[in-house]
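The file coords10.txt contains compact mmCIF, C-alpha atoms (C1' of nucleotides):
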# COMPACT_ATOMS: atom_id res chain seq x y z
CA MET M 1 150.71 40.66 76.76
CA ASP M 2 148.61 37.63 76.01
CA THR M 3 146.47 39.58 73.67
CA VAL M 4 148.67 39.00 70.72
CA GLN M 5 147.97 35.44 69.58
CA THR M 6 148.33 35.30 65.87
CA ARG M 7 145.87 32.54 65.86
CA LYS M 8 144.65 31.42 62.56
CA GLY M 9 143.69 27.79 62.69
CA SER M 10 140.46 26.95 64.41
CA SER M 11 141.72 23.81 66.04
CA ARG M 12 142.96 24.52 69.49
CA GLN M 13 143.42 22.74 72.71
CA ARG M 14 142.03 23.84 75.94
CA ASN M 15 144.62 24.54 78.46
CA GLY M 16 144.03 24.81 82.12
CA ALA M 17 142.18 28.03 82.65
CA GLY M 18 140.60 28.92 79.37
CA LYS M 19 143.90 30.11 77.95
CA SER M 20 144.17 28.24 74.70
CA THR M 21 147.51 27.07 73.43
CA ARG M 22 147.25 27.73 69.76
CA GLU M 23 148.64 24.77 67.88
CA PHE M 24 152.29 25.35 68.61
CA LYS M 25 154.54 25.13 65.61
CA LEU M 26 158.26 25.33 66.15
CA HIS M 27 158.79 26.52 62.61
CA ALA M 28 156.60 29.51 63.24
CA PHE M 29 158.24 30.37 66.54
CA LEU M 30 160.22 33.55 66.30
CA PRO M 31 163.17 32.70 68.53
CA TYR M 32 163.66 29.47 66.66
CA ARG M 33 163.50 31.15 63.30
CA LEU M 34 165.83 33.96 64.22
CA ASN M 35 168.24 31.58 65.76
CA ARG M 36 168.34 29.39 62.76
CA LEU M 37 168.69 32.29 60.38
CA ALA M 38 171.42 33.94 62.42
CA GLY M 39 173.14 30.59 62.75
CA HIS M 40 173.25 30.13 59.01
CA LEU M 41 174.66 33.55 58.41
CA SER M 42 177.36 33.34 60.99
CA LYS M 43 178.32 29.88 59.98
CA ALA M 44 178.75 30.98 56.41
CA LEU M 45 180.63 34.09 57.39
CA SER M 46 182.85 32.44 59.91
CA ALA M 47 183.87 29.97 57.25
CA VAL M 48 185.20 32.90 55.26
CA TYR M 49 186.90 34.53 58.21
CA GLN M 50 188.41 31.30 59.37
CA GLU M 51 189.52 29.60 56.23
CA ARG M 52 190.71 32.58 54.31
CA PHE M 53 191.97 34.84 57.05
CA ASP M 54 192.30 32.66 60.08
CA LEU M 55 190.11 34.84 62.24
CA SER M 56 187.43 33.79 64.66
CA ILE M 57 184.20 35.71 64.84
CA PRO M 58 185.19 37.47 68.04
CA GLN M 59 188.43 38.46 66.38
CA TRP M 60 186.56 39.77 63.40
CA ARG M 61 184.30 41.82 65.62
CA VAL M 62 187.23 43.28 67.47
CA LEU M 63 189.02 44.09 64.26
CA ALA M 64 186.00 45.80 62.78
CA THR M 65 185.36 47.77 65.92
CA LEU M 66 188.91 48.94 66.34
CA GLN M 67 188.99 49.93 62.74
CA ALA M 68 186.04 52.23 63.23
CA GLU M 69 187.05 53.44 66.66
CA PRO M 70 190.75 53.25 67.35
CA GLY M 71 191.95 53.71 70.88
CA LEU M 72 189.37 51.69 72.77
CA THR M 73 190.20 49.56 75.76
CA ALA M 74 189.32 45.89 76.09
CA ARG M 75 186.39 46.84 78.24
CA ASP M 76 185.07 49.22 75.65
CA LEU M 77 185.45 46.50 73.09
CA ALA M 78 183.44 44.08 75.12
CA SER M 79 180.48 46.37 75.21
CA ALA M 80 180.87 47.47 71.62
CA THR M 81 181.04 43.94 70.26
CA SER M 82 178.54 42.24 72.58
CA LEU M 83 181.22 39.83 73.65
CA ASP M 84 182.10 39.00 77.21
CA LYS M 85 185.43 40.11 78.52
CA VAL M 86 186.89 36.62 78.37
CA SER M 87 186.21 36.38 74.65
CA VAL M 88 187.65 39.80 74.07
CA SER M 89 190.73 38.92 76.03
CA ARG M 90 191.25 35.80 74.00
CA ALA M 91 190.51 37.46 70.70
CA LEU M 92 193.00 40.19 71.48
CA ALA M 93 195.65 37.74 72.56
CA GLY M 94 195.59 36.21 69.10
CA LEU M 95 195.43 39.50 67.27
CA VAL M 96 198.26 41.05 69.22
CA ASP M 97 200.27 37.93 68.73
CA ARG M 98 199.90 38.21 65.00
CA GLU M 99 200.64 41.91 65.23
CA LEU M 100 197.33 42.93 63.81
CA VAL M 101 196.58 44.94 66.91
CA GLN M 102 198.86 47.10 68.99
CA ARG M 103 198.59 47.59 72.70
CA SER M 104 199.83 50.76 74.21
CA PRO M 105 199.64 51.75 77.84
CA HIS M 106 196.64 53.65 79.05
CA ARG M 107 197.57 57.04 80.25
CA HIS M 108 195.53 57.03 83.41
CA ASP M 109 195.05 53.40 84.22
CA ALA M 110 197.81 50.86 84.33
CA ARG M 111 195.38 47.95 84.23
CA SER M 112 194.16 48.83 80.76
CA SER M 113 195.70 49.22 77.38
CA ILE M 114 194.78 51.40 74.50
CA LEU M 115 194.20 49.29 71.42
CA ARG M 116 194.64 50.11 67.77
CA LEU M 117 194.97 48.27 64.55
CA SER M 118 198.47 48.03 63.24
CA ARG M 119 199.13 48.78 59.63
CA ARG M 120 198.82 45.10 58.91
CA GLY M 121 195.59 44.90 60.84
CA THR M 122 194.13 47.73 58.86
CA ALA M 123 195.24 46.16 55.63
CA LEU M 124 193.68 42.87 56.60
CA PHE M 125 190.45 44.53 57.55
CA ARG M 126 190.31 46.27 54.21
CA ARG M 127 190.55 42.96 52.48
CA ILE M 128 187.81 41.35 54.50
CA ALA M 129 185.25 44.11 54.77
CA PRO M 130 184.23 44.11 51.11
CA LEU M 131 183.66 40.38 51.24
CA ALA M 132 181.54 40.70 54.34
CA LEU M 133 179.49 43.47 52.82
CA ALA M 134 179.08 41.51 49.62
CA ARG M 135 177.74 38.58 51.57
CA GLU M 136 175.37 40.78 53.42
CA ALA M 137 174.13 42.23 50.15
CA HIS M 138 173.73 38.75 48.81
CA TRP M 139 171.56 37.70 51.72
CA LEU M 140 169.47 40.80 51.43
CA ALA M 141 169.04 40.27 47.73
CA PRO M 142 165.64 38.57 48.02
CA LEU M 143 164.26 41.83 49.34
CA SER M 144 163.56 44.90 47.30
CA LEU M 145 165.18 48.10 48.42
CA ARG M 146 162.02 49.15 50.14
CA GLU M 147 161.65 45.86 51.86
CA ARG M 148 165.19 46.07 53.06
CA ASP M 149 164.55 49.41 54.65
CA GLN M 150 161.43 48.09 56.25
CA PHE M 151 163.14 45.04 57.53
CA LEU M 152 166.01 46.92 59.04
CA ARG M 153 163.68 49.42 60.58
CA LEU M 154 161.56 46.72 62.18
CA LEU M 155 164.66 44.97 63.35
CA ALA M 156 165.75 48.17 65.03
CA LYS M 157 162.41 48.40 66.77
CA LEU M 158 162.76 44.92 68.12
CA GLU M 159 166.27 45.65 69.27
CA ALA M 160 165.10 48.77 71.01
CA GLY M 161 162.45 46.77 72.79
CA LEU M 162 165.11 44.50 74.17
CA GLU M 163 167.17 47.39 75.36
CA ILE M 164 169.94 46.27 73.15
CA ILE M 165 169.79 49.77 71.80
CA GLU M 166 171.94 50.72 68.90
CA VAL M 167 174.52 52.62 70.89
CA PRO M 168 177.85 52.68 69.16
CA PRO M 169 179.41 53.18 72.55
CA THR M 170 181.12 56.50 72.25
CA GLN M 171 184.10 56.09 74.44
CA SER M 172 182.51 57.53 77.51
CA VAL M 173 179.41 55.41 77.78
CA ARG M 174 180.17 53.57 80.96
CA GLY M 175 177.98 51.34 83.05
CA ALA M 176 175.11 51.55 80.59
CA GLN M 177 174.31 47.89 80.26
CA GLY M 178 175.67 45.20 82.48
CA SER M 179 177.58 43.62 79.62
CA ALA M 180 177.17 39.91 79.16
CA ALA M 181 177.72 39.02 82.77
CA MET K 1 174.13 61.56 63.17
CA ASP K 2 177.64 62.26 62.09
CA THR K 3 180.03 59.44 61.99
CA VAL K 4 181.40 58.94 65.43
CA GLN K 5 185.09 59.36 65.10
CA THR K 6 187.64 59.75 67.74
CA ARG K 7 190.23 60.58 65.21
CA LYS K 8 189.38 62.57 62.21
CA GLY K 9 191.48 61.82 59.24
CA SER K 10 190.54 60.92 55.75
CA SER K 11 186.89 60.19 56.09
CA ARG K 12 186.69 57.73 53.25
CA GLN K 13 188.99 55.07 51.94
CA ARG K 14 189.27 54.02 48.41
CA ASN K 15 189.34 50.37 47.90
CA GLY K 16 190.80 48.54 44.98
CA ALA K 17 188.68 49.10 41.93
CA GLY K 18 186.80 52.24 42.72
CA LYS K 19 184.54 50.30 45.05
CA SER K 20 184.61 52.35 48.18
CA THR K 21 184.19 50.46 51.38
CA ARG K 22 181.43 52.41 52.94
CA GLU K 23 182.47 53.19 56.45
CA PHE K 24 182.00 49.75 57.93
CA LYS K 25 179.97 49.76 61.09
CA LEU K 26 179.62 46.52 62.97
CA HIS K 27 176.41 47.71 64.54
CA ALA K 28 174.83 48.12 61.14
CA PHE K 29 176.01 44.75 59.90
CA LEU K 30 173.12 42.37 59.47
CA PRO K 31 174.74 39.13 60.59
CA TYR K 32 175.97 40.80 63.72
CA ARG K 33 172.60 42.29 64.49
CA LEU K 34 170.68 39.11 63.88
CA ASN K 35 173.12 37.14 65.88
CA ARG K 36 172.90 39.42 68.81
CA LEU K 37 169.14 39.58 68.68
CA ALA K 38 168.76 35.84 68.38
CA GLY K 39 171.29 35.38 71.13
CA HIS K 40 169.30 37.53 73.49
CA LEU K 41 166.08 35.74 72.78
CA SER K 42 167.46 32.28 73.19
CA LYS K 43 169.35 33.19 76.28
CA ALA K 44 166.21 34.52 77.88
CA LEU K 45 164.16 31.56 76.77
CA SER K 46 166.68 28.95 77.72
CA ALA K 47 166.76 30.44 81.18
CA VAL K 48 163.08 29.63 81.45
CA TYR K 49 163.42 26.16 79.99
CA GLN K 50 166.41 25.36 82.11
CA GLU K 51 165.58 26.79 85.47
CA ARG K 52 161.94 26.05 85.60
CA PHE K 53 161.71 22.83 83.62
CA ASP K 54 165.23 21.54 83.43
CA LEU K 55 165.23 21.34 79.66
CA SER K 56 167.94 22.35 77.25
CA ILE K 57 167.05 24.13 74.05
CA PRO K 58 167.56 21.02 71.95
CA GLN K 59 165.27 19.16 74.32
CA TRP K 60 162.67 21.86 74.04
CA ARG K 61 162.83 21.71 70.28
CA VAL K 62 162.45 17.98 70.27
CA LEU K 63 159.56 18.16 72.68
CA ALA K 64 157.75 20.77 70.63
CA THR K 65 158.28 18.88 67.43
CA LEU K 66 157.12 15.57 68.77
CA GLN K 67 154.11 17.22 70.22
CA ALA K 68 153.08 18.50 66.82
CA GLU K 69 154.11 15.39 64.94
CA PRO K 70 154.21 12.25 66.99
CA GLY K 71 155.85 9.20 65.55
CA LEU K 72 158.95 10.71 64.04
CA THR K 73 162.35 9.05 64.14
CA ALA K 74 165.49 10.68 65.45
CA ARG K 75 166.56 11.41 61.93
CA ASP K 76 163.28 13.14 61.17
CA LEU K 77 163.73 15.15 64.31
CA ALA K 78 167.16 16.30 63.31
CA SER K 79 165.88 17.80 60.11
CA ALA K 80 162.74 19.19 61.72
CA THR K 81 164.60 20.92 64.51
CA SER K 82 167.70 22.06 62.63
CA LEU K 83 169.82 20.16 65.10
CA ASP K 84 172.56 17.75 64.20
CA LYS K 85 172.04 14.12 64.95
CA VAL K 86 174.41 14.16 67.89
CA SER K 87 172.38 16.84 69.61
CA VAL K 88 169.16 15.01 68.91
CA SER K 89 170.60 11.82 70.27
CA ARG K 90 171.65 13.52 73.46
CA ALA K 91 168.44 15.44 73.85
CA LEU K 92 166.45 12.25 73.46
CA ALA K 93 168.61 10.38 75.91
CA GLY K 94 167.64 12.84 78.59
CA LEU K 95 163.99 12.99 77.64
CA VAL K 96 163.60 9.24 77.48
CA ASP K 97 165.40 8.94 80.75
CA ARG K 98 162.91 11.23 82.40
CA GLU K 99 160.11 9.39 80.67
CA LEU K 100 158.94 12.42 78.80
CA VAL K 101 159.43 10.63 75.50
CA GLN K 102 158.72 7.03 74.60
CA ARG K 103 160.71 4.99 72.17
CA SER K 104 159.00 2.19 70.35
CA PRO K 105 160.54 -0.03 67.71
CA HIS K 106 160.31 0.98 64.11
CA ARG K 107 158.31 -1.51 62.16
CA HIS K 108 160.60 -1.72 59.15
CA ASP K 109 163.96 -0.67 60.45
CA ALA K 110 165.53 -2.05 63.56
CA ARG K 111 168.07 0.76 63.74
CA SER K 112 165.41 3.40 64.34
CA SER K 113 162.79 4.04 66.91
CA ILE K 114 159.45 5.70 66.67
CA LEU K 115 159.24 8.53 69.13
CA ARG K 116 156.28 10.01 70.93
CA LEU K 117 155.63 12.17 73.91
CA SER K 118 154.49 10.29 76.96
CA ARG K 119 151.55 11.58 78.90
CA ARG K 120 153.98 13.36 81.18
CA GLY K 121 155.83 14.80 78.21
CA THR K 122 152.62 16.16 76.78
CA ALA K 123 151.64 17.61 80.12
CA LEU K 124 155.01 19.28 80.46
CA PHE K 125 154.81 20.71 76.99
CA ARG K 126 151.40 22.16 77.72
CA ARG K 127 152.84 23.98 80.67
CA ILE K 128 155.74 25.43 78.75
CA ALA K 129 154.16 26.38 75.46
CA PRO K 130 152.03 29.22 76.81
CA LEU K 131 155.06 30.75 78.47
CA ALA K 132 157.06 30.52 75.28
CA LEU K 133 154.28 32.10 73.28
CA ALA K 134 153.84 34.82 75.84
CA ARG K 135 157.51 35.65 75.60
CA GLU K 136 157.32 35.74 71.86
CA ALA K 137 154.35 38.07 72.04
CA HIS K 138 156.23 40.22 74.47
CA TRP K 139 159.17 40.56 72.13
CA LEU K 140 156.93 41.37 69.23
CA ALA K 141 155.06 43.93 71.25
CA PRO K 142 157.04 46.91 69.94
CA LEU K 143 155.57 46.22 66.52
CA SER K 144 152.04 46.93 65.47
CA LEU K 145 150.06 44.04 64.09
CA ARG K 146 150.77 45.18 60.57
CA GLU K 147 154.44 45.53 61.25
CA ARG K 148 154.51 42.06 62.70
CA ASP K 149 153.04 40.60 59.58
CA GLN K 150 155.50 42.53 57.51
CA PHE K 151 158.41 41.47 59.59
CA LEU K 152 157.51 37.82 59.52
CA ARG K 153 156.88 37.96 55.82
CA LEU K 154 160.25 39.52 55.15
CA LEU K 155 161.89 37.04 57.44
CA ALA K 156 160.33 34.26 55.43
CA LYS K 157 161.73 35.76 52.26
CA LEU K 158 165.19 35.83 53.71
CA GLU K 159 164.83 32.26 54.87
CA ALA K 160 163.69 31.22 51.45
CA GLY K 161 166.71 32.85 49.92
CA LEU K 162 168.92 30.75 52.13
CA GLU K 163 167.11 27.61 51.16
CA ILE K 164 166.17 27.09 54.73
CA ILE K 165 162.64 26.92 53.47
CA GLU K 166 159.80 26.72 55.92
CA VAL K 167 159.07 23.04 55.45
CA PRO K 168 157.42 21.58 58.48
CA PRO K 169 158.70 18.20 57.35
CA THR K 170 155.57 16.17 57.03
CA GLN K 171 156.66 12.72 57.89
CA SER K 172 157.46 11.68 54.36
CA VAL K 173 159.79 14.45 53.36
CA ARG K 174 163.01 12.56 53.24
CA GLY K 175 166.26 13.58 51.65
CA ALA K 176 165.17 17.19 51.33
CA GLN K 177 168.21 18.75 52.92
CA GLY K 178 171.29 16.85 53.83
CA SER K 179 170.91 17.50 57.53
CA ALA K 180 173.78 19.15 59.32
CA ALA K 181 176.42 16.65 58.32
C1' DG A 1 173.29 -16.29 51.04
C1' DC A 2 177.33 -13.51 50.88
C1' DT A 3 179.77 -9.33 49.92
C1' DT A 4 179.76 -4.26 49.44
C1' DA A 5 178.04 0.08 50.12
C1' DC A 6 175.02 2.85 52.71
C1' DT A 7 172.21 4.71 56.73
C1' DA A 8 170.48 5.34 61.97
C1' DG A 9 172.04 6.39 66.09
C1' DT A 10 175.75 6.50 69.80
C1' DT A 11 180.28 7.37 71.61
C1' DT A 12 184.74 9.62 71.67
C1' DC A 13 187.58 13.35 71.41
C1' DA A 14 189.13 17.90 70.64
C1' DT A 15 187.48 22.65 70.54
C1' DT A 16 184.72 26.47 72.12
C1' DT A 17 182.50 28.72 75.62
C1' DG A 18 181.60 31.41 79.77
C1' DA A 19 181.36 31.59 84.90
C1' DA A 20 184.17 31.97 88.78
C1' DA A 21 188.57 32.63 90.77
C1' DC A 22 192.53 35.23 90.51
C1' DT A 23 196.08 39.22 89.91
C1' DA A 24 197.06 43.81 89.54
C1' DT A 25 195.59 48.25 89.90
C1' DC A 26 192.51 52.00 91.04
C1' DT A 27 189.40 54.94 94.14
C1' DA A 28 187.46 56.43 98.43
C1' DG A 29 187.28 57.01 103.22
C1' DC A 30 189.72 57.88 106.91
C1' DG Z 1 199.46 56.85 103.11
C1' DC Z 2 196.73 52.83 104.39
C1' DT Z 3 192.94 49.98 104.22
C1' DA Z 4 188.42 48.27 101.89
C1' DG Z 5 186.09 47.74 98.18
C1' DA Z 6 185.57 48.11 93.13
C1' DT Z 7 187.32 47.32 88.33
C1' DA Z 8 190.45 45.63 84.04
C1' DG Z 9 192.03 41.83 82.26
C1' DT Z 10 193.76 36.87 82.52
C1' DT Z 11 193.56 32.12 83.88
C1' DT Z 12 191.21 28.01 85.27
C1' DC Z 13 187.75 24.74 85.13
C1' DA Z 14 183.62 22.53 83.84
C1' DA Z 15 179.93 22.23 80.54
C1' DA Z 16 178.26 22.39 75.65
C1' DT Z 17 179.28 21.48 71.04
C1' DG Z 18 180.10 19.00 66.73
C1' DA Z 19 183.23 16.26 63.67
C1' DA Z 20 184.84 11.78 63.10
C1' DA Z 21 184.97 7.07 64.51
C1' DC Z 22 182.22 3.46 65.72
C1' DT Z 23 178.20 -0.09 66.09
C1' DA Z 24 174.38 -2.18 64.29
C1' DG Z 25 171.41 -2.80 60.88
C1' DT Z 26 169.61 -2.31 55.81
C1' DA Z 27 169.74 -2.66 50.73
C1' DA Z 28 171.53 -4.12 46.33
C1' DG Z 29 174.23 -6.93 43.23
C1' DC Z 30 175.45 -11.15 42.18
Show this structure as structure tokens.
Amino acid sequence: MDTVQTRKGSSRQRNGAGKSTREFKLHAFLPYRLNRLAGHLSKALSAVYQERFDLSIPQWRVLATLQAEPGLTARDLASATSLDKVSVSRALAGLVDRELVQRSPHRHDARSSILRLSRRGTALFRRIAPLALAREAHWLAPLSLRERDQFLRLLAKLEAGLEIIEVPPTQSVRGAQGSAA
Amino acid sequence: MDTVQTRKGSSRQRNGAGKSTREFKLHAFLPYRLNRLAGHLSKALSAVYQERFDLSIPQWRVLATLQAEPGLTARDLASATSLDKVSVSRALAGLVDRELVQRSPHRHDARSSILRLSRRGTALFRRIAPLALAREAHWLAPLSLRERDQFLRLLAKLEAGLEIIEVPPTQSVRGAQGSAA
DNA sequence: GCTTACTAGTTTCATTTGAAACTATCTAGC
DNA sequence: GCTAGATAGTTTCAAATGAAACTAGTAAGC
């Protein structure tokens, strides 16, 4: 665990018991870098969603998920979108209000609803998706095709390590991960 | 493997001018993935900072930055930490209050202060940094050393493309980027 | 030296967020 | 079928956030 140390510089400080804090640089610290990068991307994207389509990011995630997998419940959506159930509830409230999403009763459970995009919701999604993909392509542009593959592969490895696991939750996947709570 | 589909209909949609929206999958969408990954990391880290040291993430960033570059002003800190000036102001308020950071008057500008870690601040930082680095190492563990280098290199390329640019702002770098405002 | 425009940092306010409480329903044990 | 505990989804509340207003000081033109 401590073996890793990408230490390059020779200057280091002693630290308690012989464990040397390599010169700590925030700008080289992975969580910081990822956070900043992710922040930039979502800020840019959410500007598009918001200004042009009046959707929040949670709403966008719900829309995209329902588009790919119609008939989910709110609970399914929470796990599929990595949002907590409160955010899903709120996102849905807005979407249903604008008639982009339809609720229909769940056959076996009166607490839940089955959710689908309405025709309008689908149409809206079809307008947004190409823009989102274009942005993504734009951000990936600095990388060659090979590099892109590499990057995405490595990203997947990191995700796997965190047990985020790329599981497009296929309906039945139940108590897999304790959601955001 | 095959596209997970509850309902099998037309498997592909045309879209406007022959550009076919590839089946959009949120879980394959870069901004989503990065966001989720970054979210996990900062959540885990901030738990450590918060519970064990009573520091927010902005405070941690400020601490780390001042440790590496004593004598910055609040403005410098904002650009070095990718925080907006409000966050920096608040973070500093807390740190100064707890006497982890010292303010001293700026020689040429009475509006600013020169900021440094106090002895206590430095001591605190030295306790946290190894934990933060250990966590980072832990997260990177799924990658081989080579893969790590690759990943970080590719990350840097993406950052460069966004004009985030890895500039550990060396004191003098002034109007480089217009801060968050 | 005054007036005008600008910048550093703080405060205010409205929005976003998520944890905890709550309501309604479901399931299991009896 | 009735109770006890779990779960789906909503509401409530308090904390975090950031934009805009504000305060205090600087810089430049005259």
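All polymer residues at most 12 Å from (180.6, 29.4, 75.5), using all atoms listed in the file, appear as Pro58, Leu83, Asp84, Val86, Ser87 and Ala180 of chain M; Gly39 and Lys43 of chain K; DT15, DT16, DT17, DG18 and DA19 of chain A; DA14, DA15, DA16 and DT17 of chain Z.
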For a quick test of understanding: name the residues of chain M lying within 10 Å of chain Z when counting all atoms listed in the file, and present them as a list in words.
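Taken together, these residues fit the definition: Thr73, Ala74, Arg75, Lys85, Val86, Val88, Ser89, Arg90, Asp109, Ala110, Arg111, Ser112 and Ser113 of chain M.
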List every residue of chain A that has an atom at most 8 Å from any atom of chain M, and for each one report the closest atom pair and its distance in Å to one decimal, counting only C-alpha atoms (C1' of nucleotides), with rows sorted by chain and then by increasing residue number, as a Markdown table.
| residue | atom | partner | partner_atom | distance |
| --- | --- | --- | --- | --- |
| A:DG18 | C1' | M:Val86 | CA | 7.6 |
| A:DA24 | C1' | M:Arg111 | CA | 6.9 |
| A:DT25 | C1' | M:Arg111 | CA | 5.7 |
| A:DC26 | C1' | M:Asp109 | CA | 7.4 |
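Counting all atoms listed in the file and comparing M:Gly121, M:Gly94, M:Pro31, M:Pro130, the residue that lies closest to Ala44 (chain K) is M:Pro31.
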So what do you get for CA of Arg103 (chain M) versus C1' of DA28 (chain A), distance-wise?
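A separation of 29.4 Å between them.
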Once you count only C-alpha atoms, what closest atom pair and distance in Å to one decimal does each residue of chain M within 7 Å of chain K have, with rows by chain and rising residue number, as CSV?
residue,atom,partner,partner_atom,distance
M:Met1,CA,K:His138,CA,6.0
M:Asp2,CA,K:Ala134,CA,5.9
M:Val4,CA,K:Ala137,CA,5.9
M:Thr21,CA,K:Pro130,CA,6.0
M:Lys25,CA,K:Ala68,CA,6.9
M:Leu26,CA,K:Ala64,CA,6.4
M:His27,CA,K:Pro168,CA,6.6
M:Leu30,CA,K:Glu136,CA,6.6
M:Pro31,CA,K:Leu41,CA,6.0
M:Leu34,CA,K:Ala38,CA,5.4
M:Asn35,CA,K:Ala38,CA,5.0
M:Leu37,CA,K:Glu159,CA,6.7
M:Ala38,CA,K:Asn35,CA,5.0
M:Leu41,CA,K:Pro31,CA,6.0
M:Ser42,CA,K:Pro31,CA,6.4
M:Ala64,CA,K:Leu26,CA,6.4
M:Thr65,CA,K:Leu26,CA,6.6
M:Ala68,CA,K:Lys25,CA,6.9
M:Glu69,CA,K:Gln5,CA,6.4
M:Pro130,CA,K:Thr21,CA,6.4
M:Glu136,CA,K:Leu30,CA,6.6
M:Trp139,CA,K:Leu158,CA,6.9
M:Leu140,CA,K:Leu158,CA,6.9
M:Pro142,CA,K:Gly161,CA,6.1
M:Phe151,CA,K:Phe151,CA,6.3
M:Leu154,CA,K:Phe151,CA,6.6
M:Lys157,CA,K:Pro142,CA,6.4
M:Leu158,CA,K:Pro142,CA,6.3
M:Glu159,CA,K:Leu37,CA,6.7
M:Gly161,CA,K:Pro142,CA,6.1
M:Glu166,CA,K:His27,CA,6.9
M:Pro168,CA,K:His27,CA,6.9
As an exercise, work out the distance from C1' of DG9 (chain A) to CA of Ala78 (chain K) in Å and give it to one decimal place.
11.4 Å
Could you jot down the CA of Glu99 (chain M) to C1' of DA14 (chain A) separation for me, Å, one decimal place?
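So the two atoms, CA of Glu99 (chain M) and C1' of DA14 (chain A), lie 27.2 Å apart.
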Can you sort out the box for region 8-22 of chain Z, edges along x, y and z, all listed atoms in, 5 Å on every side, with centre and edge lengths in Å to one decimal, as AutoDock Vina command-line options?
--center_x 186.0 --center_y 24.5 --center_z 74.2 --size_x 25.5 --size_y 52.2 --size_z 32.2
Which protein, DNA or RNA residues are at most 9 Å from (160.6, 7.7, 78.3) in the file's coordinates when you count only C-alpha atoms (C1' of nucleotides), listed as number ranges by chain?
K: 92-103, 116-118, 121
